[in-house]
file start-v3.cif (mmCIF, C-alpha atoms and all ligand atoms)
data_input
#
loop_
_atom_site.label_atom_id
_atom_site.label_comp_id
_atom_site.auth_asym_id
_atom_site.auth_seq_id
_atom_site.Cartn_x
_atom_site.Cartn_y
_atom_site.Cartn_z
CA MET A 1 -2.56 4.86 -11.86
CA TRP A 2 -0.84 3.13 -8.97
CA LYS A 3 -2.88 0.01 -9.75
CA LYS A 4 -0.25 -2.40 -8.54
CA TRP A 5 -0.02 -0.76 -5.13
CA PHE A 6 -3.71 -0.81 -4.36
CA GLY A 7 -4.66 -3.72 -2.18
CA LYS A 8 -1.09 -4.55 -1.24
CA LYS A 9 -1.77 -3.55 2.33
CA SER A 10 -4.98 -3.66 4.35
CA ALA A 11 -7.39 -0.95 3.24
CA SER A 12 -4.95 1.82 4.11
CA ASN A 13 -5.19 3.13 0.58
CA GLU A 14 -8.68 4.35 1.41
CA TYR A 15 -8.01 7.80 2.66
CA ASP A 16 -9.86 11.05 2.53
CA TYR A 17 -8.14 14.32 1.88
CA HIS A 18 -11.08 16.59 1.03
CA ASP A 19 -10.22 18.86 3.98
CA ILE A 20 -6.63 19.39 2.83
CA ASP A 21 -5.95 22.63 0.98
CA LEU A 22 -4.18 21.38 -2.14
CA ASP A 23 -3.03 24.92 -2.92
CA LYS A 24 -1.09 25.04 0.34
CA LEU A 25 0.65 21.69 0.31
CA PRO A 26 4.20 21.47 1.59
CA CYS A 27 6.25 21.46 -1.59
CA HIS A 28 8.91 19.20 -0.08
CA VAL A 29 8.28 16.65 2.67
CA ALA A 30 11.23 14.88 4.29
CA ILE A 31 10.79 11.68 6.32
CA ILE A 32 13.04 9.84 8.74
CA MET A 33 11.72 6.28 8.37
CA ASP A 34 12.42 5.32 11.97
CA GLY A 35 11.14 2.55 14.23
CA ASN A 36 11.43 -0.49 11.95
CA GLY A 37 13.55 -2.40 14.47
CA ARG A 38 11.27 -1.64 17.41
CA TRP A 39 8.18 -2.55 15.38
CA ALA A 40 9.68 -5.98 14.68
CA GLN A 41 10.98 -6.52 18.20
CA ASN A 42 7.55 -5.63 19.66
CA LYS A 43 6.18 -8.51 17.60
CA GLY A 44 8.97 -10.90 18.58
CA LEU A 45 10.36 -10.80 15.04
CA PRO A 46 13.90 -10.18 13.82
CA ARG A 47 14.66 -6.52 13.05
CA THR A 48 14.93 -7.30 9.35
CA PHE A 49 11.17 -7.96 9.23
CA GLY A 50 10.69 -4.37 10.33
CA HIS A 51 12.75 -3.08 7.44
CA ARG A 52 10.76 -5.17 4.97
CA ALA A 53 7.52 -3.81 6.42
CA GLY A 54 9.07 -0.33 6.21
CA VAL A 55 9.46 -0.68 2.46
CA GLU A 56 5.72 -1.37 2.17
CA THR A 57 5.02 1.82 4.11
CA LEU A 58 7.32 3.76 1.82
CA ARG A 59 5.36 2.47 -1.19
CA GLU A 60 2.10 3.70 0.27
CA ILE A 61 3.44 7.10 1.27
CA VAL A 62 5.02 7.63 -2.15
CA MET A 63 1.67 6.84 -3.73
CA THR A 64 -0.17 9.21 -1.39
CA ALA A 65 2.32 12.05 -1.83
CA SER A 66 2.15 11.62 -5.59
CA GLU A 67 -1.63 11.52 -5.70
CA ILE A 68 -2.21 14.65 -3.65
CA GLY A 69 0.48 16.61 -5.51
CA VAL A 70 3.47 16.93 -3.18
CA LYS A 71 6.41 17.89 -5.39
CA VAL A 72 9.35 16.35 -3.51
CA LEU A 73 9.50 13.50 -0.97
CA THR A 74 12.89 12.81 0.59
CA ALA A 75 13.15 9.56 2.57
CA TYR A 76 16.11 8.67 4.78
CA ALA A 77 16.88 5.04 3.86
CA PHE A 78 20.45 4.58 5.11
CA SER A 79 22.76 6.98 6.92
CA THR A 80 26.54 7.29 6.84
CA GLU A 81 26.38 6.01 10.44
CA ASN A 82 24.22 2.96 9.67
CA TRP A 83 27.34 1.01 8.59
CA ARG A 84 27.89 0.53 12.35
CA ARG A 85 24.97 -1.93 12.44
CA PRO A 86 25.54 -5.69 12.30
CA ALA A 87 26.73 -6.82 8.85
CA ASP A 88 23.60 -8.89 8.19
CA GLU A 89 21.32 -5.92 8.84
CA VAL A 90 23.41 -3.68 6.55
CA SER A 91 23.36 -6.36 3.90
CA LEU A 92 19.57 -6.75 4.16
CA LEU A 93 19.04 -3.00 3.86
CA MET A 94 21.18 -2.90 0.70
CA SER A 95 19.26 -5.88 -0.73
CA LEU A 96 15.95 -4.20 0.03
CA LEU A 97 17.05 -1.13 -1.83
CA ALA A 98 18.06 -3.22 -4.84
CA GLU A 99 14.74 -5.13 -4.69
CA TYR A 100 12.82 -1.89 -4.39
CA LEU A 101 14.41 -0.58 -7.57
CA ASP A 102 13.90 -3.88 -9.41
CA ASN A 103 10.26 -4.22 -8.38
CA GLU A 104 8.99 -0.67 -8.32
CA ILE A 105 10.77 1.23 -11.05
CA LYS A 106 8.17 0.49 -13.70
CA GLU A 107 5.28 1.50 -11.47
CA LEU A 108 7.08 4.66 -10.40
CA ASP A 109 7.93 5.51 -13.99
CA ASP A 110 4.38 4.81 -15.19
CA ASN A 111 3.16 7.25 -12.55
CA ASN A 112 5.53 10.02 -13.65
CA VAL A 113 7.72 9.78 -10.52
CA GLN A 114 11.31 10.92 -10.87
CA ILE A 115 13.79 9.05 -8.65
CA LYS A 116 16.84 10.79 -7.31
CA PHE A 117 19.44 9.73 -4.78
CA ILE A 118 21.47 11.77 -2.36
CA GLY A 119 24.46 10.54 -0.38
CA LYS A 120 27.79 8.87 -0.99
CA ILE A 121 26.44 6.64 -3.75
CA ASP A 122 29.96 5.96 -5.05
CA GLU A 123 30.72 3.97 -1.86
CA LEU A 124 27.92 1.47 -2.49
CA ALA A 125 28.41 -1.90 -4.19
CA PRO A 126 28.92 -1.46 -7.97
CA ALA A 127 25.82 -3.53 -8.83
CA LEU A 128 23.67 -1.31 -6.63
CA GLN A 129 25.24 1.81 -8.09
CA SER A 130 24.29 0.57 -11.57
CA LYS A 131 20.67 0.02 -10.55
CA ILE A 132 20.59 3.51 -9.03
CA GLU A 133 22.03 5.10 -12.17
CA LYS A 134 19.57 3.18 -14.31
CA ALA A 135 16.60 4.21 -12.16
CA GLN A 136 17.66 7.84 -12.20
CA ALA A 137 18.20 7.83 -15.96
CA GLN A 138 14.93 6.02 -16.69
CA THR A 139 12.85 8.52 -14.70
CA ALA A 140 14.89 11.67 -15.35
CA CYS A 141 12.31 13.30 -17.65
CA ASN A 142 9.32 12.55 -15.41
CA THR A 143 7.54 15.63 -14.16
CA GLY A 144 5.52 14.32 -11.21
CA LEU A 145 6.67 13.61 -7.68
CA ILE A 146 10.43 13.65 -7.12
CA LEU A 147 11.23 10.71 -4.86
CA ASN A 148 14.58 11.59 -3.35
CA LEU A 149 16.15 8.66 -1.51
CA ALA A 150 18.91 9.43 0.98
CA VAL A 151 21.28 6.46 0.95
CA ASN A 152 24.68 6.48 2.67
CA TYR A 153 23.69 10.03 3.46
CA GLY A 154 24.83 12.22 6.35
CA GLY A 155 24.22 15.94 6.75
CA ARG A 156 27.71 16.52 8.13
CA ALA A 157 29.29 14.53 5.29
CA GLU A 158 27.26 16.56 2.80
CA LEU A 159 28.45 19.86 4.31
CA THR A 160 32.05 18.60 4.46
CA ARG A 161 31.83 17.66 0.78
CA ALA A 162 30.48 21.11 -0.09
CA VAL A 163 33.33 22.79 1.82
CA LYS A 164 35.85 20.69 -0.12
CA ILE A 165 34.30 21.48 -3.50
CA ILE A 166 34.15 25.19 -2.72
CA THR A 167 37.72 25.21 -1.39
CA GLU A 168 38.93 23.56 -4.62
CA LYS A 169 37.18 26.27 -6.62
CA VAL A 170 38.87 28.96 -4.53
CA LEU A 171 42.26 27.27 -4.89
CA HIS A 172 41.79 27.12 -8.66
CA GLN A 173 40.71 30.77 -8.65
CA GLU A 174 37.30 29.88 -10.04
CA LEU A 175 35.68 31.51 -7.01
CA ALA A 176 36.67 34.38 -4.73
CA VAL A 177 36.33 33.94 -0.96
CA GLU A 178 34.23 37.11 -0.72
CA ASP A 179 31.76 35.60 -3.22
CA ILE A 180 30.99 32.61 -1.00
CA ASN A 181 27.41 32.99 0.21
CA GLU A 182 24.44 30.78 1.10
CA THR A 183 23.51 30.30 -2.54
CA ILE A 184 27.00 29.02 -3.34
CA ILE A 185 26.78 26.57 -0.45
CA GLU A 186 23.34 25.38 -1.58
CA GLU A 187 24.62 24.88 -5.10
CA ASN A 188 27.21 22.47 -3.74
CA LEU A 189 24.88 20.33 -1.65
CA TYR A 190 23.42 17.08 -2.97
CA THR A 191 20.03 18.80 -2.94
CA THR A 192 21.00 21.55 -5.36
CA ASN A 193 17.97 22.42 -7.53
CA LEU A 194 15.55 21.05 -4.94
CA PRO A 195 13.53 23.33 -2.66
CA ALA A 196 14.26 23.08 1.07
CA PRO A 197 11.91 20.76 2.99
CA ASP A 198 8.81 22.50 4.29
CA LEU A 199 7.80 19.61 6.53
CA LEU A 200 9.95 17.03 8.28
CA ILE A 201 8.18 13.93 9.63
CA ARG A 202 9.81 11.67 12.22
CA PRO A 203 7.85 8.65 13.43
CA SER A 204 8.65 6.29 16.32
CA GLY A 205 8.78 8.71 19.24
CA ASP A 206 12.30 10.08 19.01
CA PHE A 207 12.83 13.83 18.82
CA ARG A 208 16.08 14.24 17.01
CA ILE A 209 17.38 15.09 13.56
CA SER A 210 19.92 12.23 13.26
CA ASN A 211 22.24 14.02 10.83
CA PHE A 212 19.48 14.44 8.23
CA LEU A 213 19.42 17.47 5.90
CA LEU A 214 21.12 19.64 8.52
CA TRP A 215 21.40 22.72 6.31
CA GLN A 216 18.11 22.25 4.48
CA VAL A 217 15.75 21.95 7.48
CA ALA A 218 16.62 25.41 8.81
CA TYR A 219 12.99 26.53 8.50
CA ALA A 220 11.18 23.21 8.09
CA GLU A 221 8.16 22.50 10.25
CA PHE A 222 8.74 19.37 12.34
CA TRP A 223 6.06 16.77 12.95
CA PHE A 224 6.57 13.86 15.35
CA THR A 225 4.50 10.79 16.14
CA ASP A 226 4.98 7.74 18.37
CA ILE A 227 3.86 5.43 15.55
CA ASN A 228 6.67 3.22 14.23
CA TRP A 229 7.34 3.57 10.51
CA PRO A 230 5.87 0.17 9.48
CA ASP A 231 2.56 1.21 11.10
CA PHE A 232 2.59 4.69 9.56
CA LYS A 233 -0.38 5.00 7.21
CA PRO A 234 -1.40 7.44 4.49
CA GLU A 235 -3.84 8.88 7.01
CA ASN A 236 -0.92 9.73 9.33
CA PHE A 237 0.85 11.43 6.44
CA LEU A 238 -2.30 13.42 5.69
CA GLN A 239 -2.62 14.36 9.36
CA ALA A 240 0.94 15.72 9.30
CA ILE A 241 -0.05 17.83 6.30
CA ARG A 242 -3.25 19.04 7.98
CA ASP A 243 -1.23 20.08 11.04
CA TYR A 244 1.36 21.73 8.80
CA GLN A 245 -1.40 23.77 7.20
CA GLN A 246 -2.36 25.13 10.63
CA ARG A 247 1.17 26.31 11.39
CA GLU A 248 2.24 29.93 10.99
CA ARG A 249 5.60 30.09 9.23
CA ARG A 250 7.58 33.24 9.81
CA PHE A 251 11.05 32.39 8.44
CA GLY A 252 12.63 34.55 11.12
CA GLY A 253 10.38 37.48 10.27
CA LEU A 254 6.99 38.50 11.60
CA LYS A 255 3.49 37.18 10.82
CA ASN A 256 2.85 36.52 7.09
CA THR A 257 6.56 36.54 6.24
CA THR A 258 7.27 34.30 3.24
CA LYS A 259 10.43 32.56 2.10
CA ARG A 260 13.14 34.60 0.47
C1 LIG B 301 15.41 3.22 11.00
O1 LIG B 301 14.76 2.26 11.81
C2 LIG B 301 15.37 2.79 9.63
C3 LIG B 301 16.46 2.53 8.87
C4 LIG B 301 17.85 2.67 9.35
C5 LIG B 301 16.32 2.05 7.49
C6 LIG B 301 15.11 2.52 6.76
C7 LIG B 301 14.95 1.64 5.60
C8 LIG B 301 13.81 1.21 5.06
C9 LIG B 301 12.48 1.67 5.45
C10 LIG B 301 13.83 0.18 4.00
C11 LIG B 301 14.84 0.35 2.93
C12 LIG B 301 14.55 1.50 2.05
C13 LIG B 301 14.28 1.43 0.75
C14 LIG B 301 14.19 2.69 -0.03
C15 LIG B 301 14.06 0.18 0.05
P1 LIG B 301 15.59 1.54 12.94
O2 LIG B 301 16.12 0.28 12.38
O3 LIG B 301 16.63 2.46 13.47
O4 LIG B 301 14.49 1.25 14.00
P2 LIG B 301 14.68 1.28 15.58
O5 LIG B 301 15.06 2.69 15.94
O6 LIG B 301 13.35 0.88 16.07
O7 LIG B 301 15.74 0.28 15.91
#

call {"tool": "encode", "arguments": {"input": "start-v3.cif", "output": "structure tokens", "more": "lines below"}}
Ligand code: FPP
result
Amino acid sequence: MWKKWFGKKSASNEYDYHDIDLDKLPCHVAIIMDGNGRWAQNKGLPRTFGHRAGVETLREIVMTASEIGVKVLTAYAFSTENWRRPADEVSLLMSLLAEYLDNEIKELDDNNVQIKFIGKIDELAPALQSKIEKAQAQTACNTGLILNLAVNYGGRAELTRAVKIITEKVLHQELAVEDINETIIEENLYTTNLPAPDLLIRPSGDFRISNFLLWQVAYAEFWFTDINWPDFKPENFLQAIRDYQQRERRFGGLKNTTKR
């Protein structure tokens, strides 16, 4: 298992999680993979080097999440606002995504990972869309970690889309206005059938949500670190989980309240 990934990066695959309660893992961890540009600039390198290094980190965190038994990992790879970046950076990010699918799909599949995508996938280049469809189809029956990649994703765009779909249903008398509730909204989000994130990790020292999973993080626990994403190690991921396991979640209720 995960043979190819071992040794790709300096010894960071040697991590110890004996003190983590595997019965109380966050079911769904969401990550904003931030700080690639700053990591590169701090080293006097072009920003694109940071994104390449960020892909390596993603590989390691996917492997770690899969090994310890996290059910869903959602990673923010490209936002609806990231098109505002210089064309060469956008182009590199799209190429990295294509390369990631080309290079990693077999390893992911062999390790029972199911790949899903959320976002406006239909606005991506046709060749990339094909790779995404192929990756999703190839891994659709896998029962291990769900790796959910947010690409051309924005929380506001997702909610706008849901409003449009629901409005169409009302206009076609498939749905009554009085029947619209939170479940109906959730059913019309990209993340339908996925549990809400329990833990949201944001590296690189910023404390904002950046239009990520706006509806879904309503009761997520947030975990921040100054470490830039390319320097984020499995041990940092495990630390976020340890800290999560110390938190008391009340979901708007009192002590020991559980999710609905
Ligand atoms: C934010 O860092 C990161 C992104 C906008 C892209 C994240 C993408 C990757 C890690 C690689 C591509 C993903 C896959 C799945 C192959 P930033 O550029 O905003 O960093 P900065 O805030 O330091 O400038």

call {"tool": "residues_around", "arguments": {"input": "start-v3.cif", "residues": "stretch 121-124 of chain A", "least_positions_apart": "2", "cutoff": "12 Å", "atoms": "all atoms listed in the file", "output": "PDB file with C-alpha atoms, in the coordinates of the input"}}
result
ATOM      1  CA  PHE A  78      20.450   4.580   5.110  1.00  0.00           C
ATOM      2  CA  SER A  79      22.760   6.980   6.920  1.00  0.00           C
ATOM      3  CA  THR A  80      26.540   7.290   6.840  1.00  0.00           C
ATOM      4  CA  TRP A  83      27.340   1.010   8.590  1.00  0.00           C
ATOM      5  CA  VAL A  90      23.410  -3.680   6.550  1.00  0.00           C
ATOM      6  CA  SER A  91      23.360  -6.360   3.900  1.00  0.00           C
ATOM      7  CA  LEU A  93      19.040  -3.000   3.860  1.00  0.00           C
ATOM      8  CA  MET A  94      21.180  -2.900   0.700  1.00  0.00           C
ATOM      9  CA  SER A  95      19.260  -5.880  -0.730  1.00  0.00           C
ATOM     10  CA  LEU A  97      17.050  -1.130  -1.830  1.00  0.00           C
ATOM     11  CA  ALA A  98      18.060  -3.220  -4.840  1.00  0.00           C
ATOM     12  CA  LYS A 116      16.840  10.790  -7.310  1.00  0.00           C
ATOM     13  CA  PHE A 117      19.440   9.730  -4.780  1.00  0.00           C
ATOM     14  CA  ILE A 118      21.470  11.770  -2.360  1.00  0.00           C
ATOM     15  CA  GLY A 119      24.460  10.540  -0.380  1.00  0.00           C
ATOM     16  CA  PRO A 126      28.920  -1.460  -7.970  1.00  0.00           C
ATOM     17  CA  ALA A 127      25.820  -3.530  -8.830  1.00  0.00           C
ATOM     18  CA  LEU A 128      23.670  -1.310  -6.630  1.00  0.00           C
ATOM     19  CA  GLN A 129      25.240   1.810  -8.090  1.00  0.00           C
ATOM     20  CA  SER A 130      24.290   0.570 -11.570  1.00  0.00           C
ATOM     21  CA  LYS A 131      20.670   0.020 -10.550  1.00  0.00           C
ATOM     22  CA  ILE A 132      20.590   3.510  -9.030  1.00  0.00           C
ATOM     23  CA  GLU A 133      22.030   5.100 -12.170  1.00  0.00           C
ATOM     24  CA  LEU A 149      16.150   8.660  -1.510  1.00  0.00           C
ATOM     25  CA  ALA A 150      18.910   9.430   0.980  1.00  0.00           C
ATOM     26  CA  VAL A 151      21.280   6.460   0.950  1.00  0.00           C
ATOM     27  CA  ASN A 152      24.680   6.480   2.670  1.00  0.00           C
ATOM     28  CA  TYR A 153      23.690  10.030   3.460  1.00  0.00           C
ATOM     29  CA  GLY A 154      24.830  12.220   6.350  1.00  0.00           C
ATOM     30  CA  GLU A 158      27.260  16.560   2.800  1.00  0.00           C
ATOM     31  CA  TYR A 190      23.420  17.080  -2.970  1.00  0.00           C
TER      32      TYR A 190
END

call {"tool": "residues_near_ligand", "arguments": {"input": "start-v3.cif", "ligand": "ligand LIG 301 (chain B)", "cutoff": "6 Å", "atoms": "all atoms listed in the file", "output": "list of chain:residue names"}}
result
A:Met33, A:Asp34, A:Gly35, A:Asn36, A:Gly37, A:Arg38, A:His51, A:Gly54, A:Val55, A:Ala77, A:Phe78, A:Leu93, A:Leu96, A:Leu97, A:Tyr100

call {"tool": "closest_residue", "arguments": {"input": "start-v3.cif", "among": "A:Arg47, A:Arg202, A:Arg250, A:Arg242", "to": "A:Thr225", "atoms": "all atoms listed in the file"}}
result
A:Arg202

call {"tool": "closest_residue", "arguments": {"input": "start-v3.cif", "among": "A:Pro234, A:Ile184, A:Tyr76, A:Ile68", "to": "A:Ile165", "atoms": "all atoms listed in the file"}}
result
A:Ile184

call {"tool": "closest_residue", "arguments": {"input": "start-v3.cif", "among": "A:Phe232, A:Tyr17, A:Trp39, A:Trp2", "to": "A:Asp109", "atoms": "only C-alpha atoms"}}
result
A:Trp2
